[in-house]
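Participant: Before I ask anything, let me first share the structure, which is written out below as C-alpha coordinates.
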Amino acid sequence: MSSVRVLFFAAARDAAGVEETAVSWDGDAPLKQDEFWQLLEVRFPAVLPLRPGLRLAKNLEYVTQSEPLFSGDEVGLIPPVSGG
Amino acid sequence: MSSVRVLFFAAARDAAGVEETAVSWDGDAPLKQDEFWQLLEVRFPAVLPLRPGLRLAKNLEYVTQSEPLFSGDEVGLIPPVSGG
Amino acid sequence: MELEVSFTNQPIAESRAPLTSGAGSMVEFRGVVRSLEKGEPISALVYDLYKPMATKVIQEILTEIGTAQPCLRVEVIHRYGTIPVGETAIYLRVDSTHRGEGFRMLEEFMNRLKQDVPIWKTGGVPC
Amino acid sequence: MELEVSFTNQPIAESRAPLTSGAGSMVEFRGVVRSLEKGEPISALVYDLYKPMATKVIQEILTEIGTAQPCLRVEVIHRYGTIPVGETAIYLRVDSTHRGEGFRMLEEFMNRLKQDVPIWKTGGVPC
(Lines give C-alpha, C1' and ligand atoms only; values in the text may rest on other atoms or scores of the structure.)
Protein backbone atom coordinates (compact mmCIF):
# COMPACT_ATOMS: atom_id res chain seq x y z
CA MET A 1 0.00 0.00 0.00
CA SER A 2 1.40 3.40 -1.04
CA SER A 3 0.18 6.91 -0.33
CA VAL A 4 1.01 10.58 -0.85
CA ARG A 5 0.01 13.55 1.26
CA VAL A 6 -1.95 16.09 -0.78
CA LEU A 7 -2.18 19.77 0.20
CA PHE A 8 -4.86 22.08 -1.21
CA PHE A 9 -4.37 25.84 -1.42
CA ALA A 10 -6.50 28.88 -2.19
CA ALA A 11 -9.17 28.07 -4.82
CA ALA A 12 -8.24 24.38 -4.72
CA ARG A 13 -8.81 24.35 -0.98
CA ASP A 14 -12.19 26.04 -1.41
CA ALA A 15 -13.15 23.42 -3.97
CA ALA A 16 -11.88 20.51 -1.87
CA GLY A 17 -13.36 21.77 1.35
CA VAL A 18 -10.32 20.52 3.28
CA GLU A 19 -6.71 21.63 3.68
CA GLU A 20 -5.20 18.25 3.01
CA THR A 21 -5.88 14.61 2.34
CA ALA A 22 -4.07 11.37 1.55
CA VAL A 23 -4.28 9.52 -1.75
CA SER A 24 -3.49 5.81 -1.52
CA TRP A 25 -2.96 3.08 -4.04
CA ASP A 26 -2.09 -0.60 -4.00
CA GLY A 27 1.44 -1.86 -4.40
CA ASP A 28 4.84 -0.14 -4.45
CA ALA A 29 4.86 1.11 -8.05
CA PRO A 30 5.01 4.88 -8.52
CA LEU A 31 1.76 6.59 -9.46
CA LYS A 32 1.42 8.41 -12.77
CA GLN A 33 -0.12 11.85 -12.49
CA ASP A 34 -3.13 10.85 -14.60
CA GLU A 35 -3.77 8.01 -12.18
CA PHE A 36 -3.37 10.45 -9.27
CA TRP A 37 -6.05 12.73 -10.73
CA GLN A 38 -8.40 9.81 -11.25
CA LEU A 39 -8.04 8.80 -7.60
CA LEU A 40 -8.43 12.40 -6.44
CA GLU A 41 -11.55 12.93 -8.53
CA VAL A 42 -13.44 10.18 -6.75
CA ARG A 43 -13.37 12.06 -3.45
CA PHE A 44 -12.91 15.67 -4.65
CA PRO A 45 -14.84 16.03 -7.90
CA ALA A 46 -15.04 19.84 -7.48
CA VAL A 47 -11.23 20.11 -7.75
CA LEU A 48 -11.07 18.55 -11.20
CA PRO A 49 -12.38 21.58 -13.15
CA LEU A 50 -9.45 23.57 -11.70
CA ARG A 51 -6.88 21.11 -13.02
CA PRO A 52 -5.92 23.09 -16.15
CA GLY A 53 -4.87 26.05 -13.96
CA LEU A 54 -3.13 24.06 -11.26
CA ARG A 55 0.57 23.38 -11.06
CA LEU A 56 1.65 20.33 -9.16
CA ALA A 57 4.47 20.55 -6.64
CA LYS A 58 6.20 17.44 -5.38
CA ASN A 59 8.22 17.76 -2.19
CA LEU A 60 8.23 21.57 -2.51
CA GLU A 61 9.22 21.66 -6.18
CA TYR A 62 7.18 22.22 -9.32
CA VAL A 63 7.18 19.10 -11.48
CA THR A 64 6.14 18.39 -15.05
CA GLN A 65 3.21 16.14 -15.90
CA SER A 66 5.52 13.24 -16.69
CA GLU A 67 6.95 13.10 -13.15
CA PRO A 68 5.51 10.09 -11.26
CA LEU A 69 4.58 10.19 -7.59
CA PHE A 70 6.20 7.93 -5.02
CA SER A 71 4.84 6.79 -1.71
CA GLY A 72 5.63 9.37 0.95
CA ASP A 73 5.73 12.32 -1.44
CA GLU A 74 4.11 15.57 -0.41
CA VAL A 75 1.99 16.85 -3.27
CA GLY A 76 0.85 20.48 -3.39
CA LEU A 77 -1.91 21.63 -5.73
CA ILE A 78 -0.88 25.17 -6.67
CA PRO A 79 -3.46 27.53 -8.18
CA PRO A 80 -2.18 30.66 -9.95
CA VAL A 81 -0.20 32.57 -7.32
CA SER A 82 -0.87 36.16 -6.28
CA GLY A 83 1.63 37.14 -3.62
CA GLY A 84 3.29 40.51 -3.09
CA MET B 1 28.63 99.09 -17.60
CA SER B 2 27.29 95.50 -17.47
CA SER B 3 28.36 92.54 -15.39
CA VAL B 4 27.53 88.94 -14.59
CA ARG B 5 28.21 86.99 -11.43
CA VAL B 6 30.33 83.92 -12.12
CA LEU B 7 30.36 80.86 -9.84
CA PHE B 8 33.12 78.23 -9.99
CA PHE B 9 32.56 74.65 -8.83
CA ALA B 10 34.71 71.59 -8.19
CA ALA B 11 37.66 71.43 -10.63
CA ALA B 12 36.81 74.87 -12.01
CA ARG B 13 36.97 76.30 -8.51
CA ASP B 14 40.34 74.65 -7.90
CA ALA B 15 41.62 76.15 -11.13
CA ALA B 16 40.19 79.59 -10.43
CA GLY B 17 41.32 79.66 -6.81
CA VAL B 18 38.11 81.48 -5.85
CA GLU B 19 34.46 80.51 -5.46
CA GLU B 20 33.10 83.38 -7.49
CA THR B 21 33.92 86.52 -9.39
CA ALA B 22 32.27 89.18 -11.51
CA VAL B 23 32.88 89.67 -15.23
CA SER B 24 32.15 93.20 -16.50
CA TRP B 25 31.96 94.78 -19.89
CA ASP B 26 31.17 98.19 -21.33
CA GLY B 27 27.72 99.14 -22.54
CA ASP B 28 24.31 97.44 -22.30
CA ALA B 29 24.65 94.94 -25.15
CA PRO B 30 24.48 91.26 -24.22
CA LEU B 31 27.76 89.40 -24.09
CA LYS B 32 28.43 86.48 -26.41
CA GLN B 33 29.87 83.42 -24.71
CA ASP B 34 33.09 83.64 -26.71
CA GLU B 35 33.54 87.18 -25.47
CA PHE B 36 32.78 85.98 -21.93
CA TRP B 37 35.54 83.40 -22.13
CA GLN B 38 38.01 85.96 -23.44
CA LEU B 39 37.28 88.25 -20.50
CA LEU B 40 37.45 85.34 -18.05
CA GLU B 41 40.76 84.13 -19.43
CA VAL B 42 42.51 87.40 -18.60
CA ARG B 43 42.03 86.88 -14.87
CA PHE B 44 41.64 83.08 -14.68
CA PRO B 45 43.91 81.57 -17.32
CA ALA B 46 43.97 78.20 -15.52
CA VAL B 47 40.21 77.77 -16.08
CA LEU B 48 40.46 77.93 -19.86
CA PRO B 49 41.89 74.41 -20.38
CA LEU B 50 38.79 73.03 -18.63
CA ARG B 51 36.43 74.78 -21.02
CA PRO B 52 35.76 71.74 -23.28
CA GLY B 53 34.44 69.81 -20.27
CA LEU B 54 32.46 72.61 -18.70
CA ARG B 55 28.76 73.24 -19.16
CA LEU B 56 27.55 76.77 -18.66
CA ALA B 57 24.47 77.44 -16.55
CA LYS B 58 22.68 80.77 -16.73
CA ASN B 59 20.31 81.60 -13.90
CA LEU B 60 20.27 77.95 -12.77
CA GLU B 61 19.66 76.49 -16.23
CA TYR B 62 22.02 74.85 -18.70
CA VAL B 63 22.34 76.94 -21.85
CA THR B 64 23.75 76.28 -25.29
CA GLN B 65 26.81 78.11 -26.59
CA SER B 66 24.67 80.47 -28.66
CA GLU B 67 22.86 81.88 -25.62
CA PRO B 68 24.15 85.41 -24.84
CA LEU B 69 24.70 86.71 -21.31
CA PHE B 70 22.85 89.73 -19.96
CA SER B 71 23.88 92.05 -17.20
CA GLY B 72 22.75 90.64 -13.88
CA ASP B 73 22.84 86.99 -14.98
CA GLU B 74 24.27 84.40 -12.64
CA VAL B 75 26.66 82.19 -14.56
CA GLY B 76 27.73 78.79 -13.21
CA LEU B 77 30.69 76.89 -14.63
CA ILE B 78 29.69 73.25 -14.29
CA PRO B 79 32.35 70.54 -14.53
CA PRO B 80 31.22 66.95 -15.14
CA VAL B 81 28.94 66.13 -12.22
CA SER B 82 29.41 63.20 -9.84
CA GLY B 83 26.60 63.24 -7.31
CA GLY B 84 24.84 60.30 -5.71
CA MET C 1 25.16 36.34 -1.11
CA GLU C 2 23.46 36.28 2.27
CA LEU C 3 19.73 35.46 2.14
CA GLU C 4 17.11 35.99 4.84
CA VAL C 5 13.60 34.81 4.06
CA SER C 6 10.84 34.87 6.62
CA PHE C 7 7.08 35.01 7.06
CA THR C 8 4.95 36.57 9.74
CA ASN C 9 1.27 36.97 10.49
CA GLN C 10 2.05 40.16 12.43
CA PRO C 11 2.86 43.67 11.12
CA ILE C 12 6.26 43.59 9.44
CA ALA C 13 8.94 45.22 11.57
CA GLU C 14 11.53 47.42 9.94
CA SER C 15 14.79 45.73 9.07
CA ARG C 16 17.27 46.24 11.88
CA ALA C 17 20.30 44.65 10.26
CA PRO C 18 23.22 47.06 9.87
CA LEU C 19 24.28 47.87 6.34
CA THR C 20 26.42 45.07 4.94
CA SER C 21 30.10 45.95 4.92
CA GLY C 22 31.20 47.10 1.47
CA ALA C 23 27.68 48.03 0.33
CA GLY C 24 27.30 51.19 -1.74
CA SER C 25 23.58 50.71 -2.23
CA MET C 26 20.64 49.75 -0.08
CA VAL C 27 17.19 49.43 -1.60
CA GLU C 28 14.04 48.75 0.35
CA PHE C 29 10.63 47.99 -1.07
CA ARG C 30 7.28 47.72 0.63
CA GLY C 31 4.24 46.37 -1.17
CA VAL C 32 1.22 47.76 0.62
CA VAL C 33 -2.42 46.64 0.64
CA ARG C 34 -4.56 49.14 -1.25
CA SER C 35 -8.14 50.06 -0.47
CA LEU C 36 -9.56 48.69 -3.72
CA GLU C 37 -9.34 45.04 -4.79
CA LYS C 38 -10.77 44.32 -8.23
CA GLY C 39 -12.63 47.61 -8.03
CA GLU C 40 -14.32 46.85 -4.70
CA PRO C 41 -13.53 48.79 -1.50
CA ILE C 42 -11.95 46.57 1.14
CA SER C 43 -10.65 47.01 4.66
CA ALA C 44 -8.11 44.19 4.48
CA LEU C 45 -6.77 41.39 2.29
CA VAL C 46 -6.30 37.80 3.37
CA TYR C 47 -3.14 35.99 2.26
CA ASP C 48 -2.43 32.29 2.42
CA LEU C 49 0.81 30.53 1.64
CA TYR C 50 2.52 27.16 1.34
CA LYS C 51 5.21 28.18 3.75
CA PRO C 52 8.00 25.59 3.30
CA MET C 53 7.68 25.70 -0.48
CA ALA C 54 7.44 29.51 -0.58
CA THR C 55 10.64 29.69 1.48
CA LYS C 56 12.43 27.30 -0.84
CA VAL C 57 11.22 28.89 -4.07
CA ILE C 58 12.10 32.40 -2.89
CA GLN C 59 15.61 31.25 -1.99
CA GLU C 60 15.98 29.56 -5.39
CA ILE C 61 14.77 32.67 -7.25
CA LEU C 62 17.12 34.96 -5.31
CA THR C 63 20.04 32.63 -5.92
CA GLU C 64 19.25 32.39 -9.61
CA ILE C 65 18.94 36.16 -10.08
CA GLY C 66 22.07 36.59 -7.98
CA THR C 67 24.23 34.69 -10.44
CA ALA C 68 23.72 37.49 -12.97
CA GLN C 69 23.17 40.28 -10.42
CA PRO C 70 25.37 39.41 -7.46
CA CYS C 71 24.29 41.28 -4.35
CA LEU C 72 25.69 41.19 -0.84
CA ARG C 73 22.51 40.47 1.11
CA VAL C 74 18.83 40.09 0.35
CA GLU C 75 16.09 40.08 2.96
CA VAL C 76 12.50 39.13 2.16
CA ILE C 77 9.62 39.23 4.64
CA HIS C 78 6.12 38.30 3.50
CA ARG C 79 3.16 38.74 5.78
CA TYR C 80 0.17 36.37 5.68
CA GLY C 81 -3.23 36.13 7.32
CA THR C 82 -5.40 39.25 7.40
CA ILE C 83 -3.50 42.40 6.36
CA PRO C 84 -5.32 45.72 6.82
CA VAL C 85 -5.34 48.35 4.08
CA GLY C 86 -2.24 50.56 4.27
CA GLU C 87 -0.06 47.88 5.85
CA THR C 88 2.86 46.10 4.25
CA ALA C 89 2.29 42.69 2.66
CA ILE C 90 5.86 42.25 1.41
CA TYR C 91 9.13 43.85 2.44
CA LEU C 92 12.36 43.50 0.50
CA ARG C 93 15.80 44.86 1.29
CA VAL C 94 18.80 44.51 -0.99
CA ASP C 95 22.32 45.52 0.02
CA SER C 96 24.72 45.57 -2.93
CA THR C 97 28.05 47.00 -3.93
CA HIS C 98 26.56 49.12 -6.71
CA ARG C 99 22.99 50.24 -7.19
CA GLY C 100 22.55 48.56 -10.59
CA GLU C 101 22.45 44.97 -9.38
CA GLY C 102 20.30 46.00 -6.42
CA PHE C 103 17.67 47.55 -8.69
CA ARG C 104 17.71 44.51 -11.00
CA MET C 105 17.42 42.11 -8.06
CA LEU C 106 14.41 43.97 -6.68
CA GLU C 107 12.58 44.23 -9.97
CA GLU C 108 13.26 40.71 -11.23
CA PHE C 109 12.46 39.18 -7.87
CA MET C 110 9.08 40.89 -7.67
CA ASN C 111 8.21 39.70 -11.17
CA ARG C 112 9.18 36.14 -10.33
CA LEU C 113 7.37 36.27 -6.98
CA LYS C 114 4.14 36.99 -8.80
CA GLN C 115 4.68 34.05 -11.15
CA ASP C 116 6.15 31.28 -9.06
CA VAL C 117 5.95 31.72 -5.29
CA PRO C 118 3.04 29.83 -3.68
CA ILE C 119 1.40 32.76 -1.90
CA TRP C 120 -2.19 33.77 -2.56
CA LYS C 121 -4.52 36.62 -1.92
CA THR C 122 -7.51 34.49 -0.96
CA GLY C 123 -9.97 37.35 -0.63
CA GLY C 124 -10.75 40.86 0.51
CA VAL C 125 -12.47 41.84 3.72
CA PRO C 126 -15.32 44.19 2.74
CA CYS C 127 -15.49 47.59 4.42
CA MET D 1 2.98 64.39 -7.79
CA GLU D 2 4.30 65.74 -4.51
CA LEU D 3 8.04 66.55 -4.53
CA GLU D 4 10.34 67.12 -1.58
CA VAL D 5 13.95 68.00 -2.37
CA SER D 6 16.41 68.95 0.32
CA PHE D 7 20.11 69.07 1.18
CA THR D 8 21.89 68.66 4.45
CA ASN D 9 25.46 68.63 5.69
CA GLN D 10 24.42 66.38 8.59
CA PRO D 11 23.66 62.62 8.61
CA ILE D 12 20.45 62.00 6.67
CA ALA D 13 17.53 61.23 8.95
CA GLU D 14 15.08 58.54 7.98
CA SER D 15 11.97 59.73 6.21
CA ARG D 16 9.19 60.23 8.72
CA ALA D 17 6.39 61.04 6.32
CA PRO D 18 3.48 58.60 6.53
CA LEU D 19 2.79 56.51 3.46
CA THR D 20 0.88 58.54 0.90
CA SER D 21 -2.80 57.63 0.82
CA GLY D 22 -3.54 55.25 -2.05
CA ALA D 23 0.06 54.04 -2.37
CA GLY D 24 0.58 50.34 -3.06
CA SER D 25 4.36 50.68 -3.30
CA MET D 26 7.06 52.45 -1.37
CA VAL D 27 10.67 52.24 -2.51
CA GLU D 28 13.60 53.67 -0.62
CA PHE D 29 17.17 53.91 -1.87
CA ARG D 30 20.32 54.86 -0.02
CA GLY D 31 23.55 55.52 -1.86
CA VAL D 32 26.34 54.95 0.62
CA VAL D 33 29.99 56.08 0.63
CA ARG D 34 32.26 53.11 0.02
CA SER D 35 35.72 52.62 1.48
CA LEU D 36 37.50 52.70 -1.88
CA GLU D 37 37.47 55.70 -4.23
CA LYS D 38 39.27 55.13 -7.52
CA GLY D 39 41.02 52.16 -5.93
CA GLU D 40 42.37 54.16 -2.96
CA PRO D 41 41.20 53.54 0.61
CA ILE D 42 39.41 56.53 2.07
CA SER D 43 37.72 57.40 5.34
CA ALA D 44 35.27 59.91 3.84
CA LEU D 45 34.24 61.65 0.64
CA VAL D 46 33.73 65.38 0.24
CA TYR D 47 30.75 66.57 -1.79
CA ASP D 48 30.10 70.05 -3.10
CA LEU D 49 26.98 71.32 -4.82
CA TYR D 50 25.41 74.30 -6.53
CA LYS D 51 22.44 74.19 -4.22
CA PRO D 52 19.79 76.38 -5.91
CA MET D 53 20.50 74.88 -9.30
CA ALA D 54 20.67 71.32 -7.96
CA THR D 55 17.27 71.84 -6.33
CA LYS D 56 15.78 73.17 -9.55
CA VAL D 57 17.30 70.52 -11.80
CA ILE D 58 16.22 67.68 -9.50
CA GLN D 59 12.65 69.00 -9.48
CA GLU D 60 12.69 69.29 -13.26
CA ILE D 61 14.02 65.75 -13.70
CA LEU D 62 11.44 64.28 -11.31
CA THR D 63 8.64 66.16 -13.04
CA GLU D 64 9.83 65.03 -16.45
CA ILE D 65 10.11 61.36 -15.45
CA GLY D 66 6.76 61.69 -13.69
CA THR D 67 4.91 62.49 -16.90
CA ALA D 68 5.65 58.95 -18.14
CA GLN D 69 5.86 57.32 -14.69
CA PRO D 70 3.36 59.17 -12.51
CA CYS D 71 4.07 58.62 -8.84
CA LEU D 72 2.30 59.98 -5.78
CA ARG D 73 5.26 61.44 -3.92
CA VAL D 74 9.04 61.60 -4.36
CA GLU D 75 11.46 62.65 -1.67
CA VAL D 76 15.15 63.31 -2.38
CA ILE D 77 17.73 64.18 0.24
CA HIS D 78 21.35 64.69 -0.78
CA ARG D 79 24.04 65.21 1.81
CA TYR D 80 27.07 67.43 1.16
CA GLY D 81 30.30 68.33 2.93
CA THR D 82 32.36 65.51 4.41
CA ILE D 83 30.52 62.16 4.43
CA PRO D 84 32.22 59.28 6.28
CA VAL D 85 32.47 55.83 4.74
CA GLY D 86 29.34 53.78 5.40
CA GLU D 87 27.05 56.81 5.63
CA THR D 88 24.35 57.81 3.18
CA ALA D 89 25.15 60.40 0.50
CA ILE D 90 21.75 60.28 -1.19
CA TYR D 91 18.36 59.10 0.00
CA LEU D 92 15.36 58.64 -2.26
CA ARG D 93 11.84 57.58 -1.39
CA VAL D 94 9.11 57.00 -3.95
CA ASP D 95 5.47 56.36 -3.02
CA SER D 96 3.41 55.17 -5.98
CA THR D 97 0.16 53.41 -6.73
CA HIS D 98 1.90 50.43 -8.34
CA ARG D 99 5.48 49.29 -8.00
CA GLY D 100 6.34 49.59 -11.70
CA GLU D 101 6.36 53.38 -11.89
CA GLY D 102 8.16 53.58 -8.56
CA PHE D 103 10.99 51.34 -9.79
CA ARG D 104 11.25 53.31 -13.07
CA MET D 105 11.28 56.62 -11.22
CA LEU D 106 14.09 55.48 -8.94
CA GLU D 107 16.25 54.04 -11.68
CA GLU D 108 15.79 56.83 -14.21
CA PHE D 109 16.25 59.52 -11.59
CA MET D 110 19.56 58.07 -10.42
CA ASN D 111 20.82 57.89 -14.01
CA ARG D 112 19.83 61.49 -14.66
CA LEU D 113 21.28 62.64 -11.33
CA LYS D 114 24.66 61.37 -12.38
CA GLN D 115 24.46 63.22 -15.70
CA ASP D 116 22.84 66.55 -14.96
CA VAL D 117 22.61 67.53 -11.32
CA PRO D 118 25.36 69.96 -10.22
CA ILE D 119 26.74 67.94 -7.31
CA TRP D 120 30.36 66.83 -7.16
CA LYS D 121 32.55 64.45 -5.26
CA THR D 122 35.47 66.85 -4.85
CA GLY D 123 37.83 64.38 -3.22
CA GLY D 124 38.41 61.58 -0.78
CA VAL D 125 39.75 61.90 2.74
CA PRO D 126 42.63 59.41 3.00
CA CYS D 127 42.55 56.87 5.82
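Residue names in the C-alpha coordinates use chain letters A, B, ... in the order shown, residue numbers from 1 in each chain, and ligand numbers from 1 in the order shown.
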Output the contact residues of chain B with respect to chain D at a cut-off of 8 Å, based on only C-alpha atoms, as a PyMOL selection string.

Facilitator: chain B and resi 9-11+60-61+78+80-84

Participant: Determine, counting only C-alpha atoms, which protein, DNA and RNA residues have an atom within 10 Å of an atom of Arg93 (chain D); residues of the same chain fewer than 6 positions away are not included. Present the result as an MDAnalysis selection string.

Facilitator: (chainID C and resid 27:29) or (chainID D and resid 4 14:15 26:30 73:77 102 105:106)

Participant: Could you tell me, as a list in words, which residues of chain A DSSP assigns to strand (DSSP E or B) when given the backbone?

Facilitator: Ser2, Ser3, Val4, Arg5, Val6, Leu7, Phe8, Glu20, Thr21, Ala22, Val23, Ser24, Trp25, Leu31, Arg55, Leu56, Ala57, Lys58, Glu61, Tyr62, Leu69, Glu74, Val75, Gly76, Leu77 and Ile78 of chain A

Participant: How would the residues just picked look written out with N, CA, C and O atoms as an mmCIF file, in the first residue's frame?

Facilitator:
data_model
loop_
_atom_site.group_PDB
_atom_site.id
_atom_site.type_symbol
_atom_site.label_atom_id
_atom_site.label_comp_id
_atom_site.auth_asym_id
_atom_site.auth_seq_id
_atom_site.Cartn_x
_atom_site.Cartn_y
_atom_site.Cartn_z
ATOM 1 N N SER A 2 0.639 2.156 -0.954
ATOM 2 C CA SER A 2 1.397 3.402 -1.041
ATOM 3 C C SER A 2 0.456 4.583 -0.862
ATOM 4 O O SER A 2 -0.746 4.470 -1.113
ATOM 5 N N SER A 3 1.027 5.716 -0.434
ATOM 6 C CA SER A 3 0.178 6.911 -0.332
ATOM 7 C C SER A 3 1.010 8.188 -0.406
ATOM 8 O O SER A 3 2.207 8.179 -0.092
ATOM 9 N N VAL A 4 0.382 9.251 -0.870
ATOM 10 C CA VAL A 4 1.009 10.585 -0.847
ATOM 11 C C VAL A 4 0.106 11.519 -0.040
ATOM 12 O O VAL A 4 -1.107 11.316 0.045
ATOM 13 N N ARG A 5 0.753 12.505 0.545
ATOM 14 C CA ARG A 5 0.009 13.549 1.259
ATOM 15 C C ARG A 5 -0.300 14.645 0.250
ATOM 16 O O ARG A 5 0.578 15.063 -0.513
ATOM 17 N N VAL A 6 -1.543 15.088 0.209
ATOM 18 C CA VAL A 6 -1.955 16.095 -0.779
ATOM 19 C C VAL A 6 -2.413 17.349 -0.047
ATOM 20 O O VAL A 6 -3.264 17.277 0.858
ATOM 21 N N LEU A 7 -1.820 18.486 -0.419
ATOM 22 C CA LEU A 7 -2.178 19.765 0.203
ATOM 23 C C LEU A 7 -2.922 20.629 -0.807
ATOM 24 O O LEU A 7 -2.485 20.792 -1.950
ATOM 25 N N PHE A 8 -4.058 21.180 -0.365
ATOM 26 C CA PHE A 8 -4.860 22.076 -1.214
ATOM 27 C C PHE A 8 -4.636 23.528 -0.773
ATOM 28 O O PHE A 8 -4.601 23.799 0.431
ATOM 29 N N GLU A 20 -6.062 19.302 3.520
ATOM 30 C CA GLU A 20 -5.198 18.245 3.009
ATOM 31 C C GLU A 20 -5.906 16.911 3.060
ATOM 32 O O GLU A 20 -6.935 16.755 3.725
ATOM 33 N N THR A 21 -5.340 15.975 2.339
ATOM 34 C CA THR A 21 -5.879 14.615 2.343
ATOM 35 C C THR A 21 -4.729 13.661 2.034
ATOM 36 O O THR A 21 -3.590 14.089 1.827
ATOM 37 N N ALA A 22 -5.048 12.363 1.996
ATOM 38 C CA ALA A 22 -4.073 11.371 1.549
ATOM 39 C C ALA A 22 -4.669 10.631 0.360
ATOM 40 O O ALA A 22 -5.877 10.381 0.327
ATOM 41 N N VAL A 23 -3.854 10.349 -0.614
ATOM 42 C CA VAL A 23 -4.277 9.525 -1.748
ATOM 43 C C VAL A 23 -3.451 8.243 -1.707
ATOM 44 O O VAL A 23 -2.218 8.302 -1.661
ATOM 45 N N SER A 24 -4.155 7.117 -1.692
ATOM 46 C CA SER A 24 -3.493 5.813 -1.519
ATOM 47 C C SER A 24 -3.732 4.926 -2.715
ATOM 48 O O SER A 24 -4.749 5.062 -3.405
ATOM 49 N N TRP A 25 -2.805 4.050 -2.964
ATOM 50 C CA TRP A 25 -2.965 3.076 -4.036
ATOM 51 C C TRP A 25 -2.252 1.782 -3.661
ATOM 52 O O TRP A 25 -1.391 1.785 -2.775
ATOM 53 N N LEU A 31 3.072 6.245 -8.914
ATOM 54 C CA LEU A 31 1.763 6.593 -9.461
ATOM 55 C C LEU A 31 1.947 7.654 -10.542
ATOM 56 O O LEU A 31 2.586 8.686 -10.315
ATOM 57 N N ARG A 55 -0.741 23.998 -10.919
ATOM 58 C CA ARG A 55 0.572 23.381 -11.059
ATOM 59 C C ARG A 55 0.741 22.399 -9.912
ATOM 60 O O ARG A 55 0.232 22.619 -8.812
ATOM 61 N N LEU A 56 1.437 21.336 -10.184
ATOM 62 C CA LEU A 56 1.653 20.329 -9.163
ATOM 63 C C LEU A 56 3.072 20.440 -8.616
ATOM 64 O O LEU A 56 4.046 20.509 -9.371
ATOM 65 N N ALA A 57 3.154 20.513 -7.291
ATOM 66 C CA ALA A 57 4.467 20.547 -6.641
ATOM 67 C C ALA A 57 4.680 19.232 -5.914
ATOM 68 O O ALA A 57 3.764 18.716 -5.262
ATOM 69 N N LYS A 58 5.859 18.690 -6.069
ATOM 70 C CA LYS A 58 6.202 17.442 -5.385
ATOM 71 C C LYS A 58 7.367 17.738 -4.454
ATOM 72 O O LYS A 58 8.418 18.206 -4.919
ATOM 73 N N GLU A 61 8.693 21.243 -4.882
ATOM 74 C CA GLU A 61 9.223 21.656 -6.180
ATOM 75 C C GLU A 61 8.198 21.433 -7.277
ATOM 76 O O GLU A 61 7.556 20.377 -7.322
ATOM 77 N N TYR A 62 8.069 22.424 -8.171
ATOM 78 C CA TYR A 62 7.180 22.218 -9.319
ATOM 79 C C TYR A 62 7.699 21.061 -10.157
ATOM 80 O O TYR A 62 8.902 20.935 -10.383
ATOM 81 N N LEU A 69 4.612 9.966 -9.032
ATOM 82 C CA LEU A 69 4.583 10.191 -7.586
ATOM 83 C C LEU A 69 4.968 8.905 -6.865
ATOM 84 O O LEU A 69 4.521 7.816 -7.241
ATOM 85 N N GLU A 74 5.077 14.524 -0.756
ATOM 86 C CA GLU A 74 4.114 15.571 -0.413
ATOM 87 C C GLU A 74 3.745 16.283 -1.694
ATOM 88 O O GLU A 74 4.613 16.787 -2.409
ATOM 89 N N VAL A 75 2.459 16.278 -2.000
ATOM 90 C CA VAL A 75 1.992 16.853 -3.267
ATOM 91 C C VAL A 75 1.178 18.118 -2.967
ATOM 92 O O VAL A 75 0.210 18.065 -2.206
ATOM 93 N N GLY A 76 1.601 19.242 -3.563
ATOM 94 C CA GLY A 76 0.850 20.481 -3.390
ATOM 95 C C GLY A 76 0.120 20.829 -4.671
ATOM 96 O O GLY A 76 0.705 20.748 -5.753
ATOM 97 N N LEU A 77 -1.153 21.185 -4.552
ATOM 98 C CA LEU A 77 -1.909 21.630 -5.731
ATOM 99 C C LEU A 77 -1.921 23.160 -5.712
ATOM 100 O O LEU A 77 -2.507 23.777 -4.822
ATOM 101 N N ILE A 78 -1.239 23.754 -6.699
ATOM 102 C CA ILE A 78 -0.879 25.174 -6.666
ATOM 103 C C ILE A 78 -1.703 25.947 -7.690
ATOM 104 O O ILE A 78 -1.379 25.946 -8.886
#

Participant: Give me, as a count of residues only, all polymer residues having an atom no more than 8 Å from Glu37 (chain C), counting only C-alpha atoms and skipping those fewer than 4 positions away in the same chain.

Facilitator: 3
